[in-house]
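A.B. asks: mmCIF, C-alpha atoms and all ligand atoms, saved as run.cif, coming up:
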data_structure
loop_
_atom_site.label_atom_id
_atom_site.label_comp_id
_atom_site.auth_asym_id
_atom_site.auth_seq_id
_atom_site.Cartn_x
_atom_site.Cartn_y
_atom_site.Cartn_z
CA MET M 12 -31.46 -10.10 -13.39
CA LYS M 13 -27.90 -8.83 -13.75
CA VAL M 14 -25.96 -9.89 -10.67
CA GLY M 15 -22.54 -8.40 -9.97
CA ILE M 16 -19.81 -10.39 -8.26
CA PRO M 17 -16.87 -8.36 -6.90
CA GLY M 18 -13.61 -10.04 -7.93
CA GLY M 19 -11.84 -9.66 -4.60
CA LEU M 20 -11.30 -11.59 -1.35
CA LEU M 21 -13.28 -14.84 -1.32
CA TYR M 22 -13.94 -14.65 -5.05
CA TYR M 23 -10.51 -16.28 -5.37
CA ARG M 24 -11.88 -19.33 -3.61
CA TYR M 25 -15.60 -19.48 -4.35
CA GLY M 26 -15.95 -17.45 -7.57
CA LYS M 27 -16.54 -20.53 -9.70
CA LEU M 28 -19.16 -21.86 -7.26
CA TRP M 29 -21.05 -18.59 -7.16
CA THR M 30 -21.06 -17.87 -10.89
CA SER M 31 -22.00 -21.45 -11.79
CA PHE M 32 -24.92 -21.44 -9.34
CA LEU M 33 -26.31 -18.08 -10.39
CA GLU M 34 -25.90 -18.76 -14.10
CA ALA M 35 -27.58 -22.15 -13.80
CA LEU M 36 -30.57 -20.32 -12.33
CA GLY M 37 -30.73 -17.94 -15.27
CA ALA M 38 -29.03 -14.88 -13.76
CA GLU M 39 -26.68 -12.81 -15.89
CA VAL M 40 -23.46 -12.66 -13.92
CA VAL M 41 -21.28 -9.56 -14.27
CA GLU M 42 -17.84 -9.84 -12.70
CA SER M 43 -15.77 -6.81 -11.81
CA GLY M 44 -12.76 -8.52 -13.38
CA GLU M 45 -9.15 -8.53 -12.29
CA THR M 46 -7.78 -5.91 -9.92
CA THR M 47 -6.42 -2.84 -11.68
CA ARG M 48 -4.74 0.39 -10.59
CA SER M 49 -8.07 2.27 -10.77
CA ILE M 50 -9.91 -0.41 -8.75
CA LEU M 51 -7.23 -0.24 -6.08
CA SER M 52 -7.22 3.57 -6.04
CA SER M 53 -10.99 3.88 -5.72
CA GLY M 54 -11.01 1.23 -2.95
CA VAL M 55 -8.20 2.95 -1.07
CA SER M 56 -9.80 6.39 -1.33
CA LYS M 57 -13.23 5.24 -0.11
CA ALA M 58 -12.56 2.39 2.32
CA GLU M 59 -11.88 2.79 6.02
CA ASN M 60 -8.19 3.67 6.43
CA GLU M 61 -7.64 0.93 9.01
CA SER M 62 -8.84 -1.81 6.67
CA CYS M 63 -6.43 -4.41 5.34
CA LEU M 64 -5.32 -4.22 1.71
CA PRO M 65 -7.65 -7.03 0.44
CA VAL M 66 -10.68 -5.30 1.98
CA LYS M 67 -9.70 -2.03 0.28
CA VAL M 68 -9.31 -3.89 -3.01
CA PHE M 69 -12.69 -5.55 -2.46
CA TYR M 70 -14.25 -2.13 -1.88
CA GLY M 71 -12.83 -1.00 -5.23
CA HIS M 72 -14.35 -4.05 -6.94
CA VAL M 73 -17.77 -3.27 -5.47
CA LEU M 74 -17.52 0.33 -6.68
CA ALA M 75 -16.55 -0.90 -10.16
CA LEU M 76 -19.92 -2.70 -10.41
CA ARG M 77 -21.94 0.43 -9.66
CA GLY M 78 -24.36 1.30 -12.46
CA LYS M 79 -23.75 -1.99 -14.26
CA VAL M 80 -25.88 -4.45 -12.30
CA ASP M 81 -29.29 -4.90 -10.67
CA ALA M 82 -27.88 -6.51 -7.52
CA ILE M 83 -24.52 -7.36 -5.98
CA PHE M 84 -23.77 -10.78 -4.57
CA VAL M 85 -21.73 -10.77 -1.35
CA PRO M 86 -22.31 -13.79 0.90
CA ARG M 87 -21.63 -13.52 4.61
CA LEU M 88 -19.33 -16.39 5.49
CA VAL M 89 -19.34 -16.79 9.24
CA SER M 90 -17.76 -20.21 9.52
CA VAL M 91 -16.71 -22.73 6.88
CA LYS M 92 -15.68 -25.47 9.31
CA ARG M 93 -17.19 -26.48 12.63
CA GLY M 94 -15.34 -24.96 15.58
CA THR M 95 -13.74 -22.18 13.51
CA HIS M 96 -14.71 -18.70 12.30
CA THR M 97 -13.68 -16.49 9.41
CA CYS M 98 -11.91 -13.22 10.10
CA PRO M 99 -14.17 -10.43 11.51
CA LYS M 100 -13.57 -8.27 8.45
CA MET M 101 -15.11 -10.94 6.25
CA LEU M 102 -18.19 -11.12 8.45
CA GLY M 103 -18.97 -7.51 7.68
CA LEU M 104 -18.48 -7.63 3.90
CA PRO M 105 -22.18 -7.37 2.92
CA ASP M 106 -22.53 -4.27 5.13
CA LEU M 107 -19.38 -2.84 3.64
CA ALA M 108 -20.77 -3.44 0.12
CA ARG M 109 -24.04 -1.72 1.08
CA ALA M 110 -22.10 1.26 2.38
CA ALA M 111 -20.00 1.37 -0.81
CA VAL M 112 -23.02 1.56 -3.10
CA GLU M 113 -24.90 3.79 -0.64
CA ASP M 114 -27.88 1.42 -0.71
CA GLU M 115 -28.54 2.26 -4.38
CA ILE M 116 -28.22 -1.39 -5.41
CA PRO M 117 -29.55 -4.32 -3.36
CA VAL M 118 -26.91 -6.61 -1.91
CA ILE M 119 -27.76 -10.31 -1.90
CA ALA M 120 -26.07 -11.74 1.18
CA PRO M 121 -26.90 -15.32 2.16
CA THR M 122 -25.31 -16.35 5.45
CA ILE M 123 -23.19 -19.50 5.53
CA ASN M 124 -22.40 -20.70 9.01
CA PHE M 125 -21.19 -24.24 9.68
CA GLN M 126 -21.59 -23.66 13.41
CA GLU M 127 -25.33 -23.86 12.88
CA GLY M 128 -25.21 -27.18 11.05
CA MET M 129 -25.61 -28.17 7.42
CA TRP M 130 -29.37 -27.70 7.28
CA ALA M 131 -29.07 -24.01 8.05
CA ASN M 132 -26.68 -23.71 5.11
CA TYR M 133 -28.95 -25.70 2.77
CA ARG M 134 -31.83 -23.43 3.76
CA ALA M 135 -29.71 -20.34 3.04
CA VAL M 136 -28.76 -21.67 -0.41
CA TYR M 137 -32.35 -22.64 -1.15
CA SER M 138 -33.64 -19.19 -0.17
CA LEU M 139 -31.00 -17.68 -2.44
CA GLY M 140 -32.12 -19.94 -5.29
CA ARG M 141 -35.74 -18.89 -4.78
CA LEU M 142 -34.81 -15.35 -5.73
CA PHE M 143 -34.16 -16.65 -9.25
CA ALA M 144 -36.27 -19.79 -9.73
CA ARG M 145 -39.45 -21.28 -8.32
CA ASN M 146 -38.79 -24.92 -9.12
CA PRO M 147 -36.99 -26.56 -6.15
CA PHE M 148 -35.54 -29.27 -8.42
CA ARG M 149 -33.99 -26.63 -10.62
CA ILE M 150 -32.38 -25.06 -7.55
CA LEU M 151 -31.13 -28.46 -6.42
CA ARG M 152 -29.68 -29.22 -9.87
CA ALA M 153 -28.02 -25.79 -10.00
CA GLY M 154 -26.54 -26.37 -6.55
CA MET M 155 -25.14 -29.77 -7.48
CA GLU M 156 -23.74 -28.54 -10.77
CA ALA M 157 -22.11 -25.52 -9.09
CA TRP M 158 -20.61 -27.73 -6.37
CA ARG M 159 -19.14 -30.05 -9.02
CA GLU M 160 -17.57 -27.06 -10.81
CA HIS M 161 -16.21 -25.77 -7.51
CA ARG M 162 -14.59 -29.11 -6.64
CA LEU M 163 -13.04 -29.24 -10.10
CA TYR M 164 -11.64 -25.74 -9.66
CA LEU M 165 -10.11 -26.61 -6.27
CA GLU M 166 -8.70 -29.84 -7.69
CA ARG M 167 -6.98 -27.89 -10.47
CA LEU M 168 -5.36 -25.67 -7.85
CA THR M 169 -4.05 -28.72 -6.02
CA LEU M 170 -2.52 -29.91 -9.30
CA GLY M 171 -0.46 -26.76 -9.66
CA LEU M 172 -2.58 -24.47 -11.81
CA ASP M 173 -2.89 -20.85 -10.77
CA HIS M 174 -6.26 -19.18 -10.19
CA ARG M 175 -6.72 -17.92 -13.76
CA SER M 176 -5.80 -21.21 -15.44
CA ALA M 177 -7.93 -23.17 -12.96
CA LEU M 178 -10.95 -20.95 -13.69
CA LYS M 179 -10.59 -21.46 -17.43
CA GLY M 180 -9.79 -25.14 -17.01
CA GLU M 181 -6.61 -24.79 -19.04
CA ALA M 182 -4.49 -27.91 -18.85
CA VAL M 183 -1.24 -25.99 -18.40
CA ASP M 184 0.85 -26.75 -15.40
CA LEU M 185 2.35 -23.34 -14.65
CA LEU M 186 3.61 -23.81 -11.16
CA CYS M 187 5.39 -27.12 -10.99
CA GLU M 188 7.66 -28.04 -13.87
CA GLY M 189 10.69 -29.62 -12.19
CA ARG M 190 12.94 -26.55 -12.08
CA GLU M 191 16.09 -26.44 -9.92
CA LEU M 192 14.54 -24.46 -7.08
CA ARG M 193 11.18 -24.85 -5.38
CA ILE M 194 9.59 -22.15 -3.23
CA GLY M 195 6.37 -22.30 -1.25
CA VAL M 196 4.31 -19.15 -1.79
CA ILE M 197 1.84 -19.46 1.04
CA GLY M 198 -0.94 -17.11 2.08
CA HIS M 199 -4.63 -16.48 1.60
CA HIS M 200 -5.91 -17.10 -1.93
CA TYR M 201 -6.43 -13.37 -2.50
CA ASN M 202 -2.89 -12.63 -1.29
CA VAL M 203 -1.29 -15.17 -3.60
CA TYR M 204 -3.39 -15.21 -6.77
CA ASP M 205 -4.22 -11.52 -7.26
CA THR M 206 -1.73 -10.66 -9.98
CA PHE M 207 -2.01 -6.90 -9.47
CA THR M 208 -1.41 -6.66 -5.73
CA THR M 209 1.27 -9.37 -5.82
CA MET M 210 2.91 -7.74 -8.86
CA SER M 211 2.66 -11.07 -10.73
CA LEU M 212 4.83 -12.82 -8.16
CA LEU M 213 4.00 -16.35 -9.34
CA ASP M 214 4.87 -15.56 -12.96
CA ARG M 215 8.04 -13.73 -11.95
CA LEU M 216 9.25 -16.68 -9.88
CA GLY M 217 8.65 -18.88 -12.91
CA TYR M 218 10.84 -16.56 -15.05
CA MET M 219 13.54 -16.79 -12.36
CA GLY M 220 13.59 -20.56 -12.76
CA VAL M 221 11.65 -21.33 -9.60
CA ASP M 222 8.84 -23.82 -9.13
CA VAL M 223 6.05 -22.56 -6.91
CA VAL M 224 4.17 -24.61 -4.34
CA THR M 225 0.99 -23.00 -3.02
CA ALA M 226 -0.98 -23.98 0.09
CA ASP M 227 -3.48 -25.72 -2.20
CA MET M 228 -0.76 -28.05 -3.46
CA VAL M 229 0.25 -29.24 0.01
CA PRO M 230 -1.69 -32.46 0.78
CA GLU M 231 -4.60 -31.92 3.15
CA LYS M 232 -3.49 -34.81 5.37
CA LEU M 233 -0.11 -33.20 6.04
CA LYS M 234 -1.69 -29.85 6.88
CA GLU M 235 -4.13 -31.45 9.33
CA ARG M 236 -1.33 -33.47 10.93
CA GLU M 237 0.69 -30.30 11.54
CA LEU M 238 -2.30 -28.47 13.02
CA LYS M 239 -2.88 -31.32 15.49
CA ARG M 240 0.71 -30.96 16.69
CA LEU M 241 0.17 -27.34 17.74
CA PRO M 242 -0.43 -26.74 21.46
CA LYS M 243 -3.60 -24.78 20.69
CA GLU M 244 -6.31 -25.04 18.02
CA ILE M 245 -6.26 -22.22 15.46
CA TYR M 246 -9.57 -20.45 15.60
CA TRP M 247 -9.73 -18.85 12.13
CA SER M 248 -10.86 -21.09 9.25
CA TYR M 249 -8.48 -19.86 6.56
CA GLU M 250 -5.50 -19.30 8.85
CA ARG M 251 -5.57 -23.02 9.59
CA GLU M 252 -4.79 -23.77 5.95
CA VAL M 253 -2.00 -21.23 5.85
CA ALA M 254 -0.34 -22.43 9.07
CA GLY M 255 -0.80 -26.11 8.17
CA ALA M 256 0.78 -25.56 4.74
CA ILE M 257 3.77 -23.62 6.10
CA LEU M 258 4.50 -26.14 8.82
CA ALA M 259 4.10 -29.12 6.48
CA CYS M 260 6.45 -27.49 3.93
CA SER M 261 8.94 -26.89 6.69
CA ARG M 262 8.83 -30.28 8.46
CA TYR M 263 8.84 -32.44 5.32
CA ARG M 264 11.16 -30.17 3.32
CA LEU M 265 8.62 -29.97 0.50
CA VAL M 266 10.32 -26.76 -0.68
CA ASP M 267 13.70 -25.02 -0.52
CA GLY M 268 12.21 -21.89 1.05
CA ILE M 269 8.90 -20.31 1.99
CA ILE M 270 7.49 -16.89 1.11
CA PHE M 271 4.62 -16.05 3.45
CA MET M 272 2.42 -13.44 1.75
CA ILE M 273 0.71 -11.14 4.24
CA SER M 274 -1.43 -8.05 3.74
CA PHE M 275 -1.06 -5.07 6.03
CA PRO M 276 -2.63 -4.76 8.61
CA CYS M 277 -3.95 -8.31 8.98
CA GLY M 278 -4.44 -9.30 12.62
CA PRO M 279 -4.87 -13.07 12.14
CA ASP M 280 -1.85 -13.30 9.79
CA SER M 281 0.38 -11.40 12.19
CA ILE M 282 -0.35 -13.96 14.92
CA ILE M 283 0.08 -16.92 12.57
CA ARG M 284 3.31 -15.41 11.31
CA VAL M 285 4.90 -15.43 14.77
CA LEU M 286 3.63 -18.94 15.43
CA CYS M 287 4.96 -20.28 12.12
CA GLU M 288 8.33 -18.53 12.41
CA GLN M 289 8.84 -19.96 15.90
CA GLU M 290 7.79 -23.48 14.87
CA ASN M 291 9.91 -23.31 11.73
CA ARG M 292 12.96 -22.37 13.79
CA ARG M 293 12.22 -25.12 16.30
CA LEU M 294 11.97 -27.68 13.49
CA GLY M 295 15.19 -26.40 11.97
CA GLY M 296 13.09 -25.95 8.83
CA VAL M 297 13.64 -24.09 5.59
CA PRO M 298 14.39 -20.35 5.19
CA MET M 299 11.26 -18.26 5.42
CA LEU M 300 10.55 -14.76 4.14
CA SER M 301 7.45 -12.99 5.43
CA LEU M 302 6.42 -10.42 2.83
CA VAL M 303 3.98 -7.80 4.06
CA ILE M 304 2.31 -5.85 1.26
CA ASP M 305 0.03 -2.84 1.27
CA GLU M 306 -1.11 -0.24 -1.23
CA HIS M 307 2.19 1.64 -0.88
CA THR M 308 4.47 -1.32 -1.61
CA GLY M 309 6.78 -0.31 -4.44
CA GLU M 310 7.72 -2.73 -7.18
CA GLY M 311 11.46 -2.06 -6.85
CA GLY M 312 11.75 -2.91 -3.15
CA PHE M 313 9.41 -5.85 -3.53
CA LEU M 314 11.43 -7.39 -6.35
CA THR M 315 14.75 -6.78 -4.64
CA ARG M 316 13.61 -8.79 -1.63
CA ILE M 317 12.36 -11.64 -3.82
CA GLU M 318 15.56 -11.72 -5.88
CA ALA M 319 17.75 -11.65 -2.77
CA PHE M 320 15.77 -14.51 -1.26
CA VAL M 321 15.99 -16.60 -4.44
CA ASP M 322 19.76 -15.92 -4.70
CA MET M 323 20.27 -16.97 -1.09
CA LEU M 324 18.37 -20.22 -1.67
CA ARG M 325 20.41 -20.94 -4.81
CA ARG M 326 23.65 -20.51 -2.87
CA ARG M 327 22.47 -22.76 -0.07
CA LYS M 328 21.52 -25.43 -2.54
CA ASP M 329 24.67 -25.38 -4.66
CA PRO M 330 27.75 -26.44 -2.66
CA ALA M 331 30.04 -25.78 -5.66
CA LEU M 332 28.85 -22.18 -5.82
CA ARG M 333 29.41 -21.81 -2.07
CA ALA M 334 32.93 -23.21 -2.40
CA ARG M 335 33.78 -20.85 -5.29
CA GLU M 336 32.55 -17.86 -3.26
CA ALA M 337 34.58 -18.99 -0.22
CA VAL M 338 37.73 -19.25 -2.35
CA ALA M 339 37.09 -15.80 -3.84
CA VAL M 340 36.85 -14.33 -0.33
S1 LIG M 401 -7.73 -12.45 7.18
FE1 LIG M 401 -6.46 -10.63 7.22
S2 LIG M 401 -6.19 -10.08 5.06
FE2 LIG M 401 -7.96 -11.44 5.20
S3 LIG M 401 -9.72 -10.09 5.39
FE3 LIG M 401 -9.08 -10.67 7.47
S4 LIG M 401 -7.70 -9.00 8.10
FE4 LIG M 401 -7.92 -8.89 5.87
#
Show me, as structure tokens, the structure contained in the file I just sent.
C.D. replies:
Amino acid sequence: MKVGIPGGLLYYRYGKLWTSFLEALGAEVVESGETTRSILSSGVSKAENESCLPVKVFYGHVLALRGKVDAIFVPRLVSVKRGTHTCPKMLGLPDLARAAVEDEIPVIAPTINFQEGMWANYRAVYSLGRLFARNPFRILRAGMEAWREHRLYLERLTLGLDHRSALKGEAVDLLCEGRELRIGVIGHHYNVYDTFTTMSLLDRLGYMGVDVVTADMVPEKLKERELKRLPKEIYWSYEREVAGAILACSRYRLVDGIIFMISFPCGPDSIIRVLCEQENRRLGGVPMLSLVIDEHTGEGGFLTRIEAFVDMLRRRKDPALRAREAVAV
């Protein structure tokens, strides 16, 4: 069976897990590939206008698989940590995929929900495996192998590899090479690692002589510690990571500045943004730039803001440069 995996949204986190599992069970996996102008355009023209940019991009990825596969794989992730939920738009992704392909292609959509306990999740994975293999031991082996690959992928991200290098297992450290300036680029995986929608931000910062720290690179312990300090628990699974990383970067001065990548119009991010900006100010933390992108964001304006932010951080860091500028004035 040819199974299509749309390369948007949670693919940036679980793509390796999904492809490894399906391939180990004998499925031929077809990925929609990286986001391109035509994927974005088709997503934007067909998706609900009120959707956030990543959902529109995801829609485009689903459409790109039309006519190429026998089924499309879009799991429904309800909760990935007890006591938390994913964003409502993610809950509806399988239905959105069905609408995109107008029910021409079946959508395989196992439900993962940590609120219902681990056994419910094991059962969902087993039922998924049964679509491809009868032998329960084969399904178990495939699951274990896929989980190992997934852990390896996440570990590579924590070591400073970007999404593409981590997927290929390349031993190149692209993000952290000891340059003079260090900036935290924090946001959801799909907002940080999608090279098309971010206009290759990570690479560009590298060319500007900036080391990048992503949320994956901030130690888990520090993120959890920051979340416990908040007056209220954050309810959304992935927002917890984002907020924890920003606050840890700010309190422990892990970076010289923070770029918070947000997609328009993201409800959870807009709340987290206010929370993080307030806490950052209260901590007397590092400068923070919240960059909101959508399908209309132009490259010129986007780059100007990045360059201005990097220049400002350079000036703050270099007292000699500040003194020279003061004398010139
Ligand atoms: S968290 Fe925000 S960006 Fe992500 S899917 Fe939900 S609304 Fe969209």
A.B. asks: Mind giving me the straight-line distance from atom CA of Ile123 of chain M to atom CA of Leu88 of chain M in Å, one decimal?
C.D. replies: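 Here the two named atoms are 5.0 Å from each other.
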A.B. asks: Quick one: distance from atom CA of Asp205 of chain M to atom CA of Glu115 of chain M in Å, one decimal?
C.D. replies: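 Those two atoms sit 28.1 Å apart.
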A.B. asks: Can you pull out every residue with an atom within 10 Å of ligand LIG 401 (chain M)? Use all atoms listed in the file and format it as an mmCIF file with C-alpha atoms, in the coordinates of the input.
C.D. replies:
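That gives us out.cif:
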data_model
loop_
_atom_site.group_PDB
_atom_site.id
_atom_site.type_symbol
_atom_site.label_atom_id
_atom_site.label_comp_id
_atom_site.auth_asym_id
_atom_site.auth_seq_id
_atom_site.Cartn_x
_atom_site.Cartn_y
_atom_site.Cartn_z
ATOM 1 C CA LEU M 20 -11.300 -11.590 -1.350
ATOM 2 C CA LEU M 21 -13.280 -14.840 -1.320
ATOM 3 C CA GLU M 61 -7.640 0.930 9.010
ATOM 4 C CA SER M 62 -8.840 -1.810 6.670
ATOM 5 C CA CYS M 63 -6.430 -4.410 5.340
ATOM 6 C CA LEU M 64 -5.320 -4.220 1.710
ATOM 7 C CA PRO M 65 -7.650 -7.030 0.440
ATOM 8 C CA VAL M 66 -10.680 -5.300 1.980
ATOM 9 C CA LYS M 67 -9.700 -2.030 0.280
ATOM 10 C CA PHE M 69 -12.690 -5.550 -2.460
ATOM 11 C CA THR M 97 -13.680 -16.490 9.410
ATOM 12 C CA CYS M 98 -11.910 -13.220 10.100
ATOM 13 C CA PRO M 99 -14.170 -10.430 11.510
ATOM 14 C CA LYS M 100 -13.570 -8.270 8.450
ATOM 15 C CA MET M 101 -15.110 -10.940 6.250
ATOM 16 C CA LEU M 102 -18.190 -11.120 8.450
ATOM 17 C CA GLY M 103 -18.970 -7.510 7.680
ATOM 18 C CA LEU M 104 -18.480 -7.630 3.900
ATOM 19 C CA GLY M 198 -0.940 -17.110 2.080
ATOM 20 C CA HIS M 199 -4.630 -16.480 1.600
ATOM 21 C CA HIS M 200 -5.910 -17.100 -1.930
ATOM 22 C CA TYR M 201 -6.430 -13.370 -2.500
ATOM 23 C CA ASN M 202 -2.890 -12.630 -1.290
ATOM 24 C CA TRP M 247 -9.730 -18.850 12.130
ATOM 25 C CA SER M 248 -10.860 -21.090 9.250
ATOM 26 C CA TYR M 249 -8.480 -19.860 6.560
ATOM 27 C CA GLU M 250 -5.500 -19.300 8.850
ATOM 28 C CA MET M 272 2.420 -13.440 1.750
ATOM 29 C CA ILE M 273 0.710 -11.140 4.240
ATOM 30 C CA SER M 274 -1.430 -8.050 3.740
ATOM 31 C CA PHE M 275 -1.060 -5.070 6.030
ATOM 32 C CA PRO M 276 -2.630 -4.760 8.610
ATOM 33 C CA CYS M 277 -3.950 -8.310 8.980
ATOM 34 C CA GLY M 278 -4.440 -9.300 12.620
ATOM 35 C CA PRO M 279 -4.870 -13.070 12.140
ATOM 36 C CA ASP M 280 -1.850 -13.300 9.790
ATOM 37 C CA SER M 281 0.380 -11.400 12.190
#
A.B. asks: Any idea what the distance is between atom CA of Met155 of chain M and atom CA of Phe125 of chain M?
C.D. replies: 18.5 Å
A.B. asks: Which residue, M:Asp214, M:Asp305, M:Glu34, M:Asp222, has the smallest gap to Arg149 of chain M when you use all atoms listed in the file?
C.D. replies: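 The shortest atom-to-atom distance to Arg149 of chain M comes from M:Glu34.
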A.B. asks: Go through M:Leu74, M:Leu212, M:Leu241, M:Ala110 and flag the residue nearest Ile304 of chain M, using only C-alpha atoms for the distances.
C.D. replies: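 Looking only at the distances to Ile304 of chain M, the closest residue turns out to be M:Leu212.
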A.B. asks: Skip segment 226-230 of chain M itself and residues of its chain fewer than 6 positions away, then list as number ranges by chain all residues within 10 Å of it, counting all atoms listed in the file.
C.D. replies: M: 165-173, 186-187, 195-200, 203, 252-257, 259-260, 265
A.B. asks: Can you list, as a PyMOL selection string, every protein, DNA or RNA residue that comes within 7 Å of Asp267 of chain M when you count all atoms listed in the file, leaving out same-chain residues fewer than 6 positions away?
C.D. replies: chain M and resi 192-194+297+324
A.B. asks: Output C-alpha atoms of each residue in that selection to a file, as a tab-separated table (two decimals), in the frame of the given file.
C.D. replies:
chain	number	residue	atom	x	y	z
M	192	LEU	CA	14.54	-24.46	-7.08
M	193	ARG	CA	11.18	-24.85	-5.38
M	194	ILE	CA	9.59	-22.15	-3.23
M	297	VAL	CA	13.64	-24.09	5.59
M	324	LEU	CA	18.37	-20.22	-1.67
A.B. asks: Which of these residues is nearest to Asn132 of chain M, using only C-alpha atoms: M:Thr30, M:Ser90, M:Ser49, M:Thr308?
C.D. replies: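 Among the listed residues, the smallest separation from Asn132 of chain M belongs to M:Ser90.
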A.B. asks: Pick out the closest residue to Gly78 of chain M from this set: M:Tyr23, M:Arg48, M:Leu36, M:Lys13. Count only C-alpha atoms.
C.D. replies: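 Answer, going by the shortest atom-to-atom distance: M:Lys13.
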A.B. asks: Give me the residues near Ala153 of chain M as a list of chain:residue names, where near means some atom within 10 Å (using only C-alpha atoms) and where sequence neighbours in that chain fewer than 5 positions away do not count.
C.D. replies: M:Ser31, M:Phe32, M:Leu33, M:Glu34, M:Ala35, M:Leu36, M:Gly37, M:Gly140, M:Pro147, M:Phe148, M:Trp158, M:Arg159
A.B. asks: Export, as a PDB file, in the frame of the given file, the selected residues with C-alpha atoms.
C.D. replies:
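Once everything was written out, this is again.pdb:
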ATOM      1  CA  SER M  31     -22.000 -21.450 -11.790  1.00  0.00           C
ATOM      2  CA  PHE M  32     -24.920 -21.440  -9.340  1.00  0.00           C
ATOM      3  CA  LEU M  33     -26.310 -18.080 -10.390  1.00  0.00           C
ATOM      4  CA  GLU M  34     -25.900 -18.760 -14.100  1.00  0.00           C
ATOM      5  CA  ALA M  35     -27.580 -22.150 -13.800  1.00  0.00           C
ATOM      6  CA  LEU M  36     -30.570 -20.320 -12.330  1.00  0.00           C
ATOM      7  CA  GLY M  37     -30.730 -17.940 -15.270  1.00  0.00           C
ATOM      8  CA  GLY M 140     -32.120 -19.940  -5.290  1.00  0.00           C
ATOM      9  CA  PRO M 147     -36.990 -26.560  -6.150  1.00  0.00           C
ATOM     10  CA  PHE M 148     -35.540 -29.270  -8.420  1.00  0.00           C
ATOM     11  CA  TRP M 158     -20.610 -27.730  -6.370  1.00  0.00           C
ATOM     12  CA  ARG M 159     -19.140 -30.050  -9.020  1.00  0.00           C
TER      13      ARG M 159
END
A.B. asks: Between M:Gly54, M:Gly18, M:Gly217, M:Gly309, single out the one closest to Val321 of chain M, counting only C-alpha atoms.
C.D. replies: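 Distance minimum relative to Val321 of chain M lands on M:Gly217.
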A.B. asks: Which residue gives the smallest distance to Ile83 of chain M among M:His96, M:Pro121, M:Ala157, M:Thr46, with all atoms listed in the file counted?
C.D. replies: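 Nearest candidate to Ile83 of chain M out of M:His96, M:Pro121, M:Ala157, M:Thr46: M:Pro121.
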A.B. asks: Just give me the residues with any atom within 10 Å of (-21.3, -4.3, 3.2), file coordinates, counting all atoms listed in the file, written as a list in words.
C.D. replies: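 Within the cut-off we find Tyr70, Val73, Val85, Pro86, Arg87, Met101, Leu102, Gly103, Leu104, Pro105, Asp106, Leu107, Ala108, Arg109, Ala110, Ala111, Val112, Glu113, Asp114, Val118 and Ala120 of chain M.
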A.B. asks: Could segment 12-23 of chain M be completed with N, CA and C atoms and returned as a PDB file, keeping the file's coordinate frame?
C.D. replies:
ATOM      1  N   MET M  12     -32.090 -11.038 -14.325  1.00  0.00           N
ATOM      2  CA  MET M  12     -31.460 -10.100 -13.390  1.00  0.00           C
ATOM      3  C   MET M  12     -29.944 -10.103 -13.591  1.00  0.00           C
ATOM      4  N   LYS M  13     -29.368  -8.913 -13.636  1.00  0.00           N
ATOM      5  CA  LYS M  13     -27.900  -8.830 -13.750  1.00  0.00           C
ATOM      6  C   LYS M  13     -27.324  -8.808 -12.335  1.00  0.00           C
ATOM      7  N   VAL M  14     -26.520  -9.822 -12.022  1.00  0.00           N
ATOM      8  CA  VAL M  14     -25.960  -9.890 -10.670  1.00  0.00           C
ATOM      9  C   VAL M  14     -24.446  -9.661 -10.740  1.00  0.00           C
ATOM     10  N   GLY M  15     -23.970  -8.715  -9.970  1.00  0.00           N
ATOM     11  CA  GLY M  15     -22.540  -8.400  -9.970  1.00  0.00           C
ATOM     12  C   GLY M  15     -21.802  -9.191  -8.899  1.00  0.00           C
ATOM     13  N   ILE M  16     -20.645  -9.703  -9.266  1.00  0.00           N
ATOM     14  CA  ILE M  16     -19.810 -10.390  -8.260  1.00  0.00           C
ATOM     15  C   ILE M  16     -18.470  -9.658  -8.189  1.00  0.00           C
ATOM     16  N   PRO M  17     -18.161  -9.058  -7.044  1.00  0.00           N
ATOM     17  CA  PRO M  17     -16.870  -8.360  -6.900  1.00  0.00           C
ATOM     18  C   PRO M  17     -15.718  -9.375  -6.932  1.00  0.00           C
ATOM     19  N   GLY M  18     -14.715  -9.079  -7.738  1.00  0.00           N
ATOM     20  CA  GLY M  18     -13.610 -10.040  -7.930  1.00  0.00           C
ATOM     21  C   GLY M  18     -12.499  -9.890  -6.900  1.00  0.00           C
ATOM     22  N   GLY M  19     -12.862  -9.767  -5.639  1.00  0.00           N
ATOM     23  CA  GLY M  19     -11.840  -9.660  -4.600  1.00  0.00           C
ATOM     24  C   GLY M  19     -12.109 -10.642  -3.481  1.00  0.00           C
ATOM     25  N   LEU M  20     -11.184 -10.733  -2.537  1.00  0.00           N
ATOM     26  CA  LEU M  20     -11.300 -11.590  -1.350  1.00  0.00           C
ATOM     27  C   LEU M  20     -11.752 -13.015  -1.691  1.00  0.00           C
ATOM     28  N   LEU M  21     -12.923 -13.429  -1.206  1.00  0.00           N
ATOM     29  CA  LEU M  21     -13.280 -14.840  -1.320  1.00  0.00           C
ATOM     30  C   LEU M  21     -13.673 -15.258  -2.738  1.00  0.00           C
ATOM     31  N   TYR M  22     -13.717 -14.293  -3.648  1.00  0.00           N
ATOM     32  CA  TYR M  22     -13.940 -14.650  -5.050  1.00  0.00           C
ATOM     33  C   TYR M  22     -12.839 -15.609  -5.515  1.00  0.00           C
ATOM     34  N   TYR M  23     -11.633 -15.426  -4.968  1.00  0.00           N
ATOM     35  CA  TYR M  23     -10.510 -16.280  -5.370  1.00  0.00           C
ATOM     36  C   TYR M  23     -10.681 -17.720  -4.918  1.00  0.00           C
TER      37      TYR M  23
END
